[in-house]
Amino acid sequence: MTRPYIPWLLLALALVLAAFYLFPLYWMYVTSLKSGSEIFANPPTFWPVAPDPSVYSSVWTRRTMQTFLGNSVFIASGVTAITVILGTGCAYVLARYRSVWVDIGLFLILMLQVLPASVMITPLFVGFNQIGLLNFPREAVILAAAAKSMPFFVVLVRATFMSVPRELEEAALVDGNSRVGAFFSIVLPLARNGILVCAILTFMSSFGEYIYSKSIIQDSSLQPASVGLSGFLGPNSTDWNAIMAYSAIYVTPILAVFVLLQRRIVSGLTSGALK
Amino acid sequence: MSRFFNSMRDGVGFDLILVGAALLFLLVLAGLPLVYNVLMSFQQVDMFTLGSLFRPWAGFDNYVAVVQQPEFWLVTKNTLIFVFASMAGQFVLGFALAVFFAQNFPGAATIRGLFLVSWVMPGLVVGAIWSWILAGDFGVLNTILKALGLIDGTIFWKSDPAYSIWAVVIANIWLGLAFNMLLLSVGLAAIPRDLYEAAELDGANAFQRFWTITLPMMRSTIGAVLSLGLIGTLQQFDLFPAITEGGPANTSTVAGYWSWQMSFQLYDFAKGATISVMMFLLVLFASIIYVRSTRHEVRG
Amino acid sequence: MKLKHLGLMAGVALGAMGMAAPAMAQVTLKIWSIDGNDRVGIADTYSKEFDEANEDIVVEYRAIPFDDLVNETLRAFATGNAPDIVSFDNPDFALFSSRGAMLDITDRVAASEIIKPENYFEGPLNSVSWDGKLFGIPKYTDTIGVFYNKDLFAKAGITEPPKTWAEFTEYAEKLTDPANNVYGATFSARAGEEGTFQFLPIIQMSGGGYDNVNTEGAAAVLDLWKKMVDNGWASKDVLSLGQWDSTGTFNSGNAAMAISGPWEIDRMVEDAKFDWGVALLPTIEEGGDRSSALGGFDWGIMSTTKHPDEAFRALEYFAAQDGRIFEEFGNIPARSDIELPVTGVALKDAALVVFQEQLQYAQPRGPHPEWQKISKAIYDAMQAALTGQMSSKDALDQAQATIKGILG
């Protein structure tokens, strides 16, 4: 308005904040390029003395990262599919009504989140073993991890459905649509953006699934990248530049996708379906 | 019979199927393990009975034994510090950033997106990176703080009992910031613009507008963020083994990590389950807050 | 004629089937160990060799990270999915052997041409024994000593490595050089098995043991350690650094002495840009009792195996390769009948001689089925003292009370 420089000041501040916030990522990349002893140098160097990118190719091949990442994609896709299919309907219903039963439903969904995965794994392992699911370890992990990501998905998508005007659905019902018809032809398309974004976020967070995979999947050719990473972290075998290189290879693709899609992700979530 | 199918297609039955499928799934994959843990906390467990449900009954012995552990009160204190400090940090910073990025300036949406990267970072990787940044002698955080003149000596974030819990808190705030900011941004965006414009015409200043419009309108969002934040914080595990391993001398052990340590490092599965059941109480509390907060929701 | 042919062919066919039968009835052995996670190790290499050398046996090898090995095995054992052969860190072995989860191989060993108990060092052999029976064989062994930077020693005018802990502390003070970011000493007092691994030898050399930890000598040395940490002669981060990271600071020249073991040698030869040597762990008084930690892994067969004979054959194969493990993997065999080859790398050969002497003083942790709880009592006490939350004496007294409760 009267002070046109204010937006630019804000931009500058935003950039400073972002640089501050993203420093850990920068540090990951820089450390990965350092030599074994430079890593332990005191004071630390902010830019590697002799950047050595060869660690990337050696980590990639020596650690069979292609297989690991493939498995991560497989597991994350499965988790996302189950979460979206089961969670969307649930969120829709919980957004549609305002009653004590909805309270109870929400309450249950949250309560089932109580135990950390590290505590849940023993009973799940025992149960999966009983029904023979351990022979399909990746699928077993998908089931277990989907149960973990479902509540967050339901809560987020429920908010999206709340922003779909009730009148539109009612109008469709008056026009002679069945509930099923109104859900699929009116409500779902209107909430599509929000659901899509939540699905992407679910995918990305299950890309890092670790605790279930490490216990359930014994065959290393089926394990995801997180388990592959933990193989490094044992005592007396820590090799920080390789760990950081591995981490960088692991997260860079998700980060890249994320940065490319982030405008849509943010607007999909913040603008609701219609506004 | 046809009424039944009709109801499934066109009535309450449809809703029940949608909710039922999800709830059934959760009950089997999350409910049963929960029951198993509660049961285990009342039993004597060893490596031979790990796979069965029926074991010698122990009554409240495990609970008494857990409370009598010398580190019990220390762990309780740490858990409270960790939960409240993490949540306060995540929430306040997340709210501030959400409000900041809701302002109209070039690149606001793009830069806000960058703040969401911690959401997609695997906890294991975040732990490894922060462990590295927080190291005492070769950690870069100390170097930066010293260069800025904020500290004189080296702070041993991971090894000084006065700081160890805060080391994990810092990493956890970083990790949880994205989630908080995202949800709060969603809430902010849902507040109709005209409310602010009307208030501005009435002469309300920025602070008054925040206090009388933003906060009340955000009530349900804030409830959701806080309760989900509490659950997320209590479940936080990956950072502990990566950064402090609960040390030194248990000064950064929290309930979740302690439970894991009991079960998987000391192989005392019953006590591990007992601690997890105790955590249950805290989450019960969080869930009630969340569900109550949804009462104030407005449908757009 | 035709009939005769037929008969012959039938005979050949039958014979072929007879030949094929053992190959068809292949036995699958599951072997678990931590080797092969980040680099080639003993267990993965030998498992593969054994698999290839035996037509009738298929080996399914699984590498598990160190921290998960015991858990995974416990859970698998409880649900009937246990491996046939597993390799544990020596203090973890008793958890399984004492509960009948490991196969008693006393008689098989007695009948074996290859495995002879008398060839093994006493400490490692103790860790696989329980109740007078043998449940496994040692895989390799290691111990700890003091690495010292000879260049920094010369600069500080010190000629000999420290003989007592008092000397160690005194030298640490002299060697500390904050201007150049040099600490006098580094070690690992971490909240975990590594912490116990480094501190228990001090309890032992003071006349105590894991069942008697609150000795005066141990409290006195713990006070010295605290003095080093408090005065900045050792980094406060010794409380959270593992041995590998701690020794990393030595290699980069940021610490003048480091307590660690032979697994460091190869990296040190490559990374350290100074002259260094290894000395025995100091004693409490000059000429006092020596002790050191006993590290290393053991092999064992799980009692649930369906193929004990084949599994024992695998163990025999592994034991027969002991002569190769130092050259190929840098591990020291737990046997007195194996002469270690000279590598030609002077620093490495010199270090090895010291570690072999040190091994004679190495004492096992336990064996005790609840070792992990005992270990936690010890490292908790050590950390409580080093962080000043309790006096050394009080901390060790509390640990003693806890341990007494565990031992019953």
# chains A, B, ... in the order shown; residues from 1 in each chain; ligands from 1

call {"tool": "closest_atom_pairs", "arguments": {"of": "chain C", "to": "chain A", "cutoff": "6 Å", "atoms": "only C-alpha atoms", "output": "tab-separated table"}}
result
residue	atom	partner	partner_atom	distance
C:Asn37	CA	A:Gly231	CA	5.3
C:Asp38	CA	A:Phe232	CA	6.0
C:Pro65	CA	A:Gly231	CA	5.2
C:Phe66	CA	A:Gly234	CA	5.6
C:Trp244	CA	A:Asn236	CA	4.7
C:Thr249	CA	A:Phe40	CA	5.9
C:Ser252	CA	A:Ser37	CA	5.4

call {"tool": "write_last_selection", "arguments": {"atoms": "N, CA and C atoms", "output": "short mmCIF file (atom, residue, chain, number, x, y, z; two decimals), in the first residue's frame"}}
result
data_model
loop_
_atom_site.label_atom_id
_atom_site.label_comp_id
_atom_site.auth_asym_id
_atom_site.auth_seq_id
_atom_site.Cartn_x
_atom_site.Cartn_y
_atom_site.Cartn_z
N ASN C 37 27.21 -56.47 6.85
CA ASN C 37 26.34 -55.31 6.75
C ASN C 37 27.00 -54.19 5.98
N ASP C 38 28.23 -53.89 6.34
CA ASP C 38 28.87 -52.78 5.64
C ASP C 38 30.16 -53.18 4.96
N PRO C 65 21.96 -55.96 11.77
CA PRO C 65 22.75 -54.94 12.47
C PRO C 65 22.99 -55.35 13.92
N PHE C 66 24.13 -54.97 14.44
CA PHE C 66 24.56 -55.35 15.79
C PHE C 66 23.45 -55.16 16.82
N TRP C 244 34.70 -46.23 18.07
CA TRP C 244 35.17 -45.96 16.71
C TRP C 244 35.24 -44.45 16.48
N THR C 249 38.88 -39.23 16.63
CA THR C 249 39.48 -37.96 17.04
C THR C 249 40.98 -38.12 17.27
N SER C 252 42.65 -38.06 13.81
CA SER C 252 42.75 -36.75 13.18
C SER C 252 43.66 -35.83 13.98
#

call {"tool": "residues_around", "arguments": {"residues": "Gly272 (chain B)", "least_positions_apart": "3", "cutoff": "8 Å", "atoms": "only C-alpha atoms", "output": "PyMOL selection string"}}
result
(chain A and resi 119) or (chain B and resi 41+258-263+268-269+275-276)

call {"tool": "write_last_selection", "arguments": {"atoms": "C-alpha atoms", "output": "CSV table (one decimal), in the first residue's frame"}}
result
chain,number,residue,atom,x,y,z
A,119,VAL,CA,6.4,-51.6,21.1
B,41,SER,CA,2.2,-55.8,31.6
B,258,TRP,CA,12.9,-46.4,28.2
B,259,SER,CA,10.2,-48.8,27.2
B,260,TRP,CA,12.1,-49.8,24.2
B,261,GLN,CA,15.3,-50.1,26.2
B,262,MET,CA,13.7,-52.4,28.7
B,263,SER,CA,12.3,-54.6,26.1
B,268,ASP,CA,12.7,-57.4,30.2
B,269,PHE,CA,9.6,-57.5,27.9
B,275,ILE,CA,5.9,-48.5,30.7
B,276,SER,CA,4.1,-48.3,27.3

call {"tool": "interface_residues", "arguments": {"of": "chain B", "to": "chain C", "cutoff": "12 Å", "atoms": "only C-alpha atoms", "output": "VMD selection string"}}
result
chain B and resid 45 to 53 68 to 71 131 to 132 134 to 139 153 to 164 240 to 253 260 to 269

call {"tool": "atom_distance", "arguments": {"atom1": "CA of Pro44 (chain A)", "atom2": "CA of Asp152 (chain B)"}}
result
16.8 Å

call {"tool": "residues_around", "arguments": {"residues": "Leu281 (chain C)", "least_positions_apart": "5", "cutoff": "7 Å", "atoms": "only C-alpha atoms", "output": "JSON list (two decimals) with C-alpha atoms, in the first residue's frame"}}
result
[["chain", "number", "residue", "atom", "x", "y", "z"],
["C", 145, "GLY", "CA", 44.86, -51.12, 25.01],
["C", 146, "VAL", "CA", 46.19, -47.57, 24.79],
["C", 292, "SER", "CA", 41.62, -55.86, 30.02]]

call {"tool": "select_by_dssp", "arguments": {"residues": "region 140-383 of chain C", "states": "strand (DSSP E)", "output": "ChimeraX atom specification"}}
result
/C:145-149,257-260,276-279,292-293,297-301,362-363

call {"tool": "residues_around", "arguments": {"residues": "region 298-301 of chain C", "least_positions_apart": "4", "cutoff": "8 Å", "atoms": "only C-alpha atoms", "output": "PDB file with C-alpha atoms, in the first residue's frame"}}
result
ATOM      1  CA  ASP C  84      20.155 -72.929  12.876  1.00  0.00           C
ATOM      2  CA  ILE C  85      23.399 -71.145  13.596  1.00  0.00           C
ATOM      3  CA  VAL C  86      23.891 -67.736  15.089  1.00  0.00           C
ATOM      4  CA  SER C  87      26.874 -65.658  16.081  1.00  0.00           C
ATOM      5  CA  PHE C  88      26.522 -63.527  19.242  1.00  0.00           C
ATOM      6  CA  ASP C  89      28.703 -61.002  20.967  1.00  0.00           C
ATOM      7  CA  ASN C  90      30.261 -62.956  23.823  1.00  0.00           C
ATOM      8  CA  PHE C  93      25.688 -65.692  24.631  1.00  0.00           C
ATOM      9  CA  MET C 102      21.478 -73.257  22.421  1.00  0.00           C
ATOM     10  CA  LEU C 103      22.350 -76.815  21.484  1.00  0.00           C
ATOM     11  CA  PRO C 124      36.380 -66.813  25.175  1.00  0.00           C
ATOM     12  CA  VAL C 128      30.259 -70.261  25.490  1.00  0.00           C
ATOM     13  CA  PHE C 135      27.180 -74.551  23.859  1.00  0.00           C
ATOM     14  CA  GLY C 136      29.289 -72.973  21.175  1.00  0.00           C
ATOM     15  CA  ILE C 137      32.779 -72.068  20.027  1.00  0.00           C
ATOM     16  CA  PRO C 138      34.530 -68.690  19.996  1.00  0.00           C
ATOM     17  CA  LYS C 139      34.596 -67.008  16.618  1.00  0.00           C
ATOM     18  CA  TYR C 140      37.342 -64.467  17.262  1.00  0.00           C
ATOM     19  CA  THR C 305      17.553 -76.788  14.762  1.00  0.00           C
ATOM     20  CA  PRO C 308      22.194 -80.538  14.197  1.00  0.00           C
ATOM     21  CA  ALA C 311      25.007 -77.395  11.557  1.00  0.00           C
ATOM     22  CA  PHE C 312      27.904 -78.876  13.468  1.00  0.00           C
ATOM     23  CA  LEU C 315      30.840 -75.027  12.757  1.00  0.00           C
TER      24      LEU C 315
END

call {"tool": "residues_around", "arguments": {"residues": "Leu23 (chain B)", "least_positions_apart": "2", "cutoff": "12 Å", "atoms": "only C-alpha atoms", "output": "PyMOL selection string"}}
result
(chain A and resi 83+86-87+89-91+94+104-112+147+150-151+154) or (chain B and resi 16-21+25-31)

call {"tool": "write_last_selection", "arguments": {"atoms": "N, CA and C atoms", "output": "compact mmCIF listing (two decimals), in the first residue's frame"}}
result
# COMPACT_ATOMS: atom_id res chain seq x y z
N THR A 83 -4.09 -46.77 2.78
CA THR A 83 -4.49 -45.63 3.60
C THR A 83 -5.54 -44.79 2.89
N LEU A 86 -9.01 -46.89 2.46
CA LEU A 86 -9.79 -47.05 3.70
C LEU A 86 -10.01 -45.72 4.42
N GLY A 87 -9.02 -44.85 4.35
CA GLY A 87 -9.07 -43.62 5.14
C GLY A 87 -10.03 -42.57 4.59
N GLY A 89 -12.94 -42.78 2.93
CA GLY A 89 -14.34 -42.99 3.28
C GLY A 89 -14.58 -42.69 4.74
N CYS A 90 -13.65 -43.16 5.56
CA CYS A 90 -13.78 -42.95 6.99
C CYS A 90 -13.79 -41.46 7.31
N ALA A 91 -12.88 -40.72 6.70
CA ALA A 91 -12.81 -39.28 6.96
C ALA A 91 -14.08 -38.58 6.50
N LEU A 94 -16.83 -39.17 9.01
CA LEU A 94 -16.59 -38.46 10.26
C LEU A 94 -16.76 -36.95 10.08
N ILE A 104 -16.75 -40.77 19.30
CA ILE A 104 -16.19 -42.06 19.70
C ILE A 104 -15.28 -42.62 18.60
N GLY A 105 -15.74 -42.47 17.35
CA GLY A 105 -14.92 -42.95 16.24
C GLY A 105 -13.56 -42.27 16.20
N LEU A 106 -13.58 -40.95 16.29
CA LEU A 106 -12.33 -40.20 16.27
C LEU A 106 -11.44 -40.59 17.44
N PHE A 107 -12.09 -40.73 18.57
CA PHE A 107 -11.38 -41.09 19.79
C PHE A 107 -10.68 -42.44 19.62
N LEU A 108 -11.42 -43.40 19.08
CA LEU A 108 -10.85 -44.73 18.86
C LEU A 108 -9.65 -44.66 17.93
N ILE A 109 -9.83 -43.91 16.85
CA ILE A 109 -8.75 -43.84 15.87
C ILE A 109 -7.50 -43.26 16.48
N LEU A 110 -7.68 -42.26 17.34
CA LEU A 110 -6.51 -41.67 17.99
C LEU A 110 -5.93 -42.62 19.04
N MET A 111 -6.80 -43.27 19.79
CA MET A 111 -6.31 -44.15 20.85
C MET A 111 -5.49 -45.30 20.28
N LEU A 112 -5.87 -45.73 19.09
CA LEU A 112 -5.16 -46.85 18.50
C LEU A 112 -3.75 -46.43 18.04
N ALA A 147 -1.65 -49.05 9.08
CA ALA A 147 -2.40 -48.81 10.32
C ALA A 147 -1.80 -47.64 11.09
N MET A 150 -2.70 -44.25 8.97
CA MET A 150 -4.13 -43.98 8.77
C MET A 150 -4.67 -42.82 9.63
N PRO A 151 -4.44 -42.80 10.94
CA PRO A 151 -5.05 -41.75 11.75
C PRO A 151 -4.69 -40.34 11.29
N VAL A 154 -6.64 -39.61 8.18
CA VAL A 154 -8.07 -39.37 8.45
C VAL A 154 -8.28 -37.97 8.99
N LEU B 16 -21.75 -46.57 7.51
CA LEU B 16 -21.21 -47.59 8.41
C LEU B 16 -20.14 -48.43 7.72
N ILE B 17 -20.38 -48.73 6.46
CA ILE B 17 -19.37 -49.52 5.74
C ILE B 17 -18.06 -48.75 5.64
N LEU B 18 -18.17 -47.48 5.29
CA LEU B 18 -16.95 -46.68 5.12
C LEU B 18 -16.17 -46.60 6.43
N VAL B 19 -16.88 -46.28 7.51
CA VAL B 19 -16.17 -46.17 8.79
C VAL B 19 -15.74 -47.55 9.28
N GLY B 20 -16.65 -48.51 9.11
CA GLY B 20 -16.38 -49.85 9.63
C GLY B 20 -15.14 -50.47 9.04
N ALA B 21 -14.96 -50.32 7.73
CA ALA B 21 -13.80 -50.93 7.09
C ALA B 21 -12.52 -50.39 7.71
N PHE B 25 -9.93 -52.49 10.24
CA PHE B 25 -8.52 -52.58 9.88
C PHE B 25 -7.64 -52.12 11.05
N LEU B 26 -8.02 -50.98 11.63
CA LEU B 26 -7.23 -50.44 12.74
C LEU B 26 -7.33 -51.33 13.98
N LEU B 27 -8.51 -51.86 14.22
CA LEU B 27 -8.67 -52.69 15.42
C LEU B 27 -7.78 -53.92 15.33
N VAL B 28 -7.72 -54.52 14.15
CA VAL B 28 -6.91 -55.73 14.00
C VAL B 28 -5.43 -55.40 14.08
N LEU B 29 -5.01 -54.37 13.37
CA LEU B 29 -3.57 -54.12 13.26
C LEU B 29 -3.02 -53.19 14.33
N ALA B 30 -3.89 -52.49 15.04
CA ALA B 30 -3.38 -51.64 16.12
C ALA B 30 -4.05 -52.01 17.44
N GLY B 31 -5.30 -52.42 17.39
CA GLY B 31 -6.03 -52.74 18.62
C GLY B 31 -5.51 -54.00 19.28

call {"tool": "select_by_dssp", "arguments": {"residues": "region 215-292 of chain C", "states": "helix (DSSP H, G or I)", "output": "MDAnalysis selection string"}}
result
chainID C and resid 216:230 236:239 243:251 262:271

call {"tool": "write_last_selection", "arguments": {"atoms": "C-alpha atoms", "output": "mmCIF file, in the first residue's frame"}}
result
data_model
loop_
_atom_site.group_PDB
_atom_site.id
_atom_site.type_symbol
_atom_site.label_atom_id
_atom_site.label_comp_id
_atom_site.auth_asym_id
_atom_site.auth_seq_id
_atom_site.Cartn_x
_atom_site.Cartn_y
_atom_site.Cartn_z
ATOM 1 C CA GLU C 216 38.268 -48.570 46.270
ATOM 2 C CA GLY C 217 40.626 -48.862 43.329
ATOM 3 C CA ALA C 218 37.799 -48.563 40.815
ATOM 4 C CA ALA C 219 36.407 -45.496 42.581
ATOM 5 C CA ALA C 220 39.863 -43.919 42.582
ATOM 6 C CA VAL C 221 40.338 -44.457 38.833
ATOM 7 C CA LEU C 222 36.811 -43.218 38.160
ATOM 8 C CA ASP C 223 37.770 -40.038 40.059
ATOM 9 C CA LEU C 224 40.789 -39.692 37.768
ATOM 10 C CA TRP C 225 38.588 -40.082 34.698
ATOM 11 C CA LYS C 226 36.258 -37.436 36.079
ATOM 12 C CA LYS C 227 39.223 -35.159 36.689
ATOM 13 C CA MET C 228 40.253 -35.529 33.052
ATOM 14 C CA VAL C 229 36.750 -34.765 31.792
ATOM 15 C CA ASP C 230 36.211 -31.864 34.217
ATOM 16 C CA LYS C 236 33.093 -34.310 27.591
ATOM 17 C CA ASP C 237 31.902 -36.157 24.520
ATOM 18 C CA VAL C 238 33.574 -39.329 25.768
ATOM 19 C CA LEU C 239 30.193 -39.801 27.450
ATOM 20 C CA GLN C 243 34.941 -46.324 20.469
ATOM 21 C CA TRP C 244 35.168 -45.957 16.712
ATOM 22 C CA ASP C 245 34.220 -42.261 16.785
ATOM 23 C CA SER C 246 36.336 -41.618 19.842
ATOM 24 C CA THR C 247 39.389 -43.109 18.127
ATOM 25 C CA GLY C 248 38.512 -41.068 15.057
ATOM 26 C CA THR C 249 39.479 -37.958 17.036
ATOM 27 C CA PHE C 250 42.806 -39.595 17.837
ATOM 28 C CA ASN C 251 43.415 -40.344 14.164
ATOM 29 C CA PRO C 262 42.812 -53.925 17.333
ATOM 30 C CA TRP C 263 39.826 -53.273 15.041
ATOM 31 C CA GLU C 264 41.151 -49.705 14.771
ATOM 32 C CA ILE C 265 44.522 -50.653 13.347
ATOM 33 C CA ASP C 266 43.730 -50.791 9.640
ATOM 34 C CA ARG C 267 41.986 -47.437 9.601
ATOM 35 C CA MET C 268 44.711 -45.879 11.737
ATOM 36 C CA VAL C 269 47.459 -47.051 9.397
ATOM 37 C CA GLU C 270 45.620 -45.290 6.624
ATOM 38 C CA ASP C 271 44.340 -42.136 8.335
#
